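Notes to accompany the following structure.
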Amino acid sequence: MTDHELARLLRPWPNGKDPDLASLPPIDPYADVPPPHEPADQGEEREPRLTSRILTRASLRALPDPAPLIDGVLDQGTTALLYGKWASGKSFIALDWAASVAAGRRWQGCPTERRRVLYVAAEGAFGLKGRVQAWESGWDTGVDDTALEVLPEPVNLTRPLEVAELAALIRWNGYGLVVVDTLARCMVGADENSAKDTGLVVDTLTRLREATPDGRGVILGVHHTGKDGRTLRGSSAFEAGVDTVYQTVLDGGAIDLTREKRKDGPVEDRHRLRISPVDGTNSAIVIVHRGVDNSDRADRLLSIMSTHFRTTGASRTELVEVCREAGVSYGTFTRALNDLLESGEIVDEGTKARRFYRLRGEV
């Protein structure tokens, strides 16, 4: 296109003749653009975008108070991390938390808020069938069909499209707890030792939490330890960025579950647990383990006592009834109770006419 043709297209003249380009006034390309310090609209300045995000004192008072998902363990509206060495029981514990929340059942004596749960089984769902069946059988508690749902594939938390799809799923089904097991399988291609990459993953966990109902759900990531078997694998940005951190450590036949970080409230929380096979299944459940020399039957009774009567204590009749519902025979109950009374794990503070039992330390 020639200069004359361009001029004719841009500024057609009434007489249809091509202008003499030399006679045209010079064109200032910035003539219609306001200076940077002046608003485009010479009228009133536009309201800053962040104004709508400001919280007044009244708005702060209207915010919901901190509330538990599992009382004293996981708080609503948080991101959490559960890490441990391979085969240290972390996935069993994560599923135990998930099933307890899905069923609205106490976890180790701690009340739970019943919520829909999504378990992202990034390493495959093959073993979850047996674990869920063992949990239902071991605790004599069913989980509703849609209360605990499993996504049997990883979601890459570093890819915006996959994150958006997961957030949409969380929002659509209203999940109040989402377990990502494991984080390593959900950040393939990223560098776990990079503060930048792990920081982006932690930010993604926060955005997924915002997709839960009213942003009050919990996103739990399951991760591994490093080569030393004691510290979190990868960048410290993982621990720094989440609200809650728990670690599992094997100690003989016991699992020490210890909280290392909590954003709001006391940090101290420790549970001594063990994996106990469930008859009739090919899997196991997580139960209390207070003494390394306790028999399986004693540990089972300890777990029942902690789950149902940790703070209240129980009469013999109440204990017998709960054990019967859990499939523990009267003879096994009697032997287990005698074991625990002898070891001091359970204390009888009742009378001969009416026995009343409490856990040691809860008296």
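How things are named: the first chain in the structure tokens is A, the next is B, and so on; residues count from 1 in each chain; ligands count from 1 in the order shown.
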
Task: Near-Ala167 (chain A) list (9 Å; only C-alpha atoms; drop same-chain fewer than 2 positions) as JSON, numbers by chain - done: {"A": [162, 163, 164, 165, 169, 170, 171, 172, 207, 208, 209, 210, 211, 212]}

Task: Neighbour list for Gly124 (chain A) as a ChimeraX atom specification, cut-off 9 Å, only C-alpha atoms, skip fewer than 6 positions in-chain - done: /A:151-154

Once you have the residues from the selection above, write them out as an mmCIF file, in the first residue's frame, restricted to N, CA and C atoms.
```cif
data_model
loop_
_atom_site.group_PDB
_atom_site.id
_atom_site.type_symbol
_atom_site.label_atom_id
_atom_site.label_comp_id
_atom_site.auth_asym_id
_atom_site.auth_seq_id
_atom_site.Cartn_x
_atom_site.Cartn_y
_atom_site.Cartn_z
ATOM 1 N N LEU A 151 -10.565 -39.709 44.400
ATOM 2 C CA LEU A 151 -10.091 -39.390 43.061
ATOM 3 C C LEU A 151 -8.815 -40.202 42.840
ATOM 4 N N PRO A 152 -8.868 -41.264 42.034
ATOM 5 C CA PRO A 152 -7.752 -42.218 41.955
ATOM 6 C C PRO A 152 -6.651 -41.807 40.979
ATOM 7 N N GLU A 153 -6.291 -40.559 40.967
ATOM 8 C CA GLU A 153 -5.239 -40.087 40.067
ATOM 9 C C GLU A 153 -4.672 -38.775 40.609
ATOM 10 N N PRO A 154 -3.438 -38.463 40.253
ATOM 11 C CA PRO A 154 -2.843 -37.224 40.743
ATOM 12 C C PRO A 154 -3.399 -36.005 40.024
#
```

TODO: Skip region 259-272 of chain A itself and residues of its chain fewer than 3 positions away, then list as a list in words all residues within 6 Å of it, counting only C-alpha atoms.
DONE: Asp243, Thr244, Val245, Tyr246, Ile255, Asp256 and His289 of chain A

TODO: Based on DSSP run over this structure's backbone, return all residues of region 27-124 of chain A in alpha helix (DSSP H), as number ranges by chain.
DONE: A: 57-62, 90-103

Open item on the list: List as a VMD selection string the protein and nucleic acid residues near region 105-117 of chain A, meaning an atom at most 9 Å away when only C-alpha atoms are counted, but skip any in the same chain fewer than 5 places from it.
Closed with: chain A and resid 68 to 73 96 to 100 141 146 to 150 173 to 179 217 271 287 to 288 303 to 311

- [ ] Would you mind writing down, as a ChimeraX atom specification, each residue of region 121-359 of chain A that DSSP on the backbone assigns to strand (DSSP E or B)?
- [x] /A:121,148-151,177-181,218-225,232,244-251,254-262,270-277,284-288,314-315,346-348,356-359

Task: Residue neighbourhood Val155 (chain A), 10 Å, only C-alpha atoms, exclusion window fewer than 6 positions, as a count of residues only - done: 14

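Here CA of Leu74 (chain A) stands at a distance of 20.9 Å from CA of Thr225 (chain A).
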
TODO: Using only C-alpha atoms, pick whichever of A:Leu220, A:Ala237, A:Val201, A:Leu340 has the shortest atom-to-atom distance to Asp181 (chain A).
DONE: A:Leu220

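Here CA of Val202 (chain A) stands at a distance of 16.8 Å from CA of Arg216 (chain A).
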
Task: Contacts of Arg300 (chain A) at 12 Å (only C-alpha atoms; same-chain gap of 3+ positions) as a VMD selection string - done: chain A and resid 108 138 to 139 273 to 278 284 to 290 294 to 297 303 to 307 322 to 323 326 to 329 332 to 333 335 to 337 339 to 340

Output the selection as a short mmCIF file (atom, residue, chain, number, x, y, z; two decimals), in the first residue's frame - N, CA and C atoms for each residue.
```cif
data_model
loop_
_atom_site.label_atom_id
_atom_site.label_comp_id
_atom_site.auth_asym_id
_atom_site.auth_seq_id
_atom_site.Cartn_x
_atom_site.Cartn_y
_atom_site.Cartn_z
N GLN A 108 -10.05 -40.61 68.20
CA GLN A 108 -9.29 -40.72 69.45
C GLN A 108 -9.93 -39.88 70.57
N GLY A 138 -13.69 -52.38 61.77
CA GLY A 138 -13.00 -52.23 63.04
C GLY A 138 -13.71 -51.32 64.01
N TRP A 139 -14.35 -50.28 63.48
CA TRP A 139 -15.06 -49.34 64.36
C TRP A 139 -16.57 -49.52 64.31
N LEU A 273 0.11 -44.13 68.77
CA LEU A 273 -0.81 -44.99 68.05
C LEU A 273 -0.11 -46.25 67.55
N ARG A 274 -0.91 -47.16 67.04
CA ARG A 274 -0.35 -48.34 66.40
C ARG A 274 -1.32 -48.86 65.35
N ILE A 275 -0.78 -49.61 64.39
CA ILE A 275 -1.60 -50.22 63.36
C ILE A 275 -2.06 -51.58 63.84
N SER A 276 -3.36 -51.82 63.84
CA SER A 276 -3.92 -53.08 64.34
C SER A 276 -4.73 -53.77 63.25
N PRO A 277 -4.34 -54.99 62.85
CA PRO A 277 -5.10 -55.73 61.82
C PRO A 277 -6.54 -55.97 62.27
N VAL A 278 -7.44 -55.99 61.30
CA VAL A 278 -8.86 -56.22 61.58
C VAL A 278 -9.23 -57.58 61.02
N ALA A 284 -6.00 -52.89 58.13
CA ALA A 284 -5.90 -52.59 59.55
C ALA A 284 -6.46 -51.22 59.86
N ILE A 285 -6.53 -50.91 61.15
CA ILE A 285 -6.97 -49.59 61.60
C ILE A 285 -5.92 -49.01 62.53
N VAL A 286 -6.07 -47.73 62.84
CA VAL A 286 -5.17 -47.04 63.76
C VAL A 286 -5.82 -47.00 65.13
N ILE A 287 -5.11 -47.50 66.14
CA ILE A 287 -5.65 -47.51 67.49
C ILE A 287 -4.63 -46.92 68.45
N VAL A 288 -5.07 -46.64 69.67
CA VAL A 288 -4.20 -46.10 70.71
C VAL A 288 -3.16 -47.13 71.11
N HIS A 289 -1.97 -46.66 71.38
CA HIS A 289 -0.91 -47.54 71.88
C HIS A 289 -0.15 -46.76 72.95
N ARG A 290 -0.43 -47.09 74.22
CA ARG A 290 0.23 -46.34 75.30
C ARG A 290 1.38 -47.12 75.92
N ASN A 294 1.75 -53.83 75.74
CA ASN A 294 0.34 -54.18 75.78
C ASN A 294 0.01 -55.22 74.73
N SER A 295 -0.93 -56.08 75.06
CA SER A 295 -1.41 -57.06 74.09
C SER A 295 -2.33 -56.35 73.09
N ASP A 296 -2.62 -57.03 71.99
CA ASP A 296 -3.53 -56.46 71.00
C ASP A 296 -4.89 -56.16 71.60
N ARG A 297 -5.36 -57.07 72.45
CA ARG A 297 -6.69 -56.86 73.04
C ARG A 297 -6.69 -55.65 73.96
N SER A 303 -8.08 -48.04 72.81
CA SER A 303 -8.58 -47.21 71.73
C SER A 303 -10.07 -46.93 71.89
N ILE A 304 -10.84 -47.95 72.27
CA ILE A 304 -12.27 -47.78 72.49
C ILE A 304 -12.51 -46.81 73.65
N MET A 305 -11.75 -46.97 74.70
CA MET A 305 -11.89 -46.10 75.87
C MET A 305 -11.57 -44.65 75.49
N SER A 306 -10.49 -44.46 74.72
CA SER A 306 -10.09 -43.12 74.33
C SER A 306 -11.09 -42.49 73.38
N THR A 307 -11.62 -43.29 72.48
CA THR A 307 -12.55 -42.77 71.48
C THR A 307 -13.88 -42.35 72.10
N VAL A 322 -20.27 -50.93 74.61
CA VAL A 322 -19.54 -50.39 73.46
C VAL A 322 -18.63 -51.46 72.86
N CYS A 323 -18.00 -52.26 73.71
CA CYS A 323 -17.14 -53.34 73.21
C CYS A 323 -17.95 -54.38 72.44
N ALA A 326 -18.57 -53.17 69.09
CA ALA A 326 -17.35 -53.17 68.28
C ALA A 326 -16.87 -54.58 67.96
N GLY A 327 -17.63 -55.60 68.38
CA GLY A 327 -17.27 -56.97 68.07
C GLY A 327 -16.27 -57.59 69.02
N VAL A 328 -16.09 -57.02 70.20
CA VAL A 328 -15.17 -57.56 71.21
C VAL A 328 -15.97 -58.44 72.17
N SER A 329 -15.59 -59.68 72.29
CA SER A 329 -16.34 -60.60 73.16
C SER A 329 -16.16 -60.21 74.62
N THR A 332 -12.82 -61.49 76.03
CA THR A 332 -11.68 -60.68 75.59
C THR A 332 -11.67 -59.34 76.33
N PHE A 333 -12.88 -58.76 76.49
CA PHE A 333 -12.99 -57.50 77.23
C PHE A 333 -12.46 -57.64 78.65
N ARG A 335 -10.34 -59.84 79.96
CA ARG A 335 -8.88 -60.02 80.00
C ARG A 335 -8.16 -58.73 79.67
N ALA A 336 -8.67 -57.98 78.69
CA ALA A 336 -8.03 -56.71 78.32
C ALA A 336 -8.14 -55.70 79.45
N LEU A 337 -9.29 -55.65 80.11
CA LEU A 337 -9.47 -54.72 81.22
C LEU A 337 -8.53 -55.06 82.36
N ASP A 339 -5.66 -56.54 82.11
CA ASP A 339 -4.31 -56.15 81.67
C ASP A 339 -4.06 -54.67 81.91
N LEU A 340 -5.04 -53.86 81.56
CA LEU A 340 -4.86 -52.40 81.64
C LEU A 340 -4.94 -51.90 83.08
#
```

Task: Nearest to Leu257 (chain A) by atom-to-atom distance, counting only C-alpha atoms, from A:Ala94, A:Leu60, A:Val242, A:Val347 - done: A:Ala94
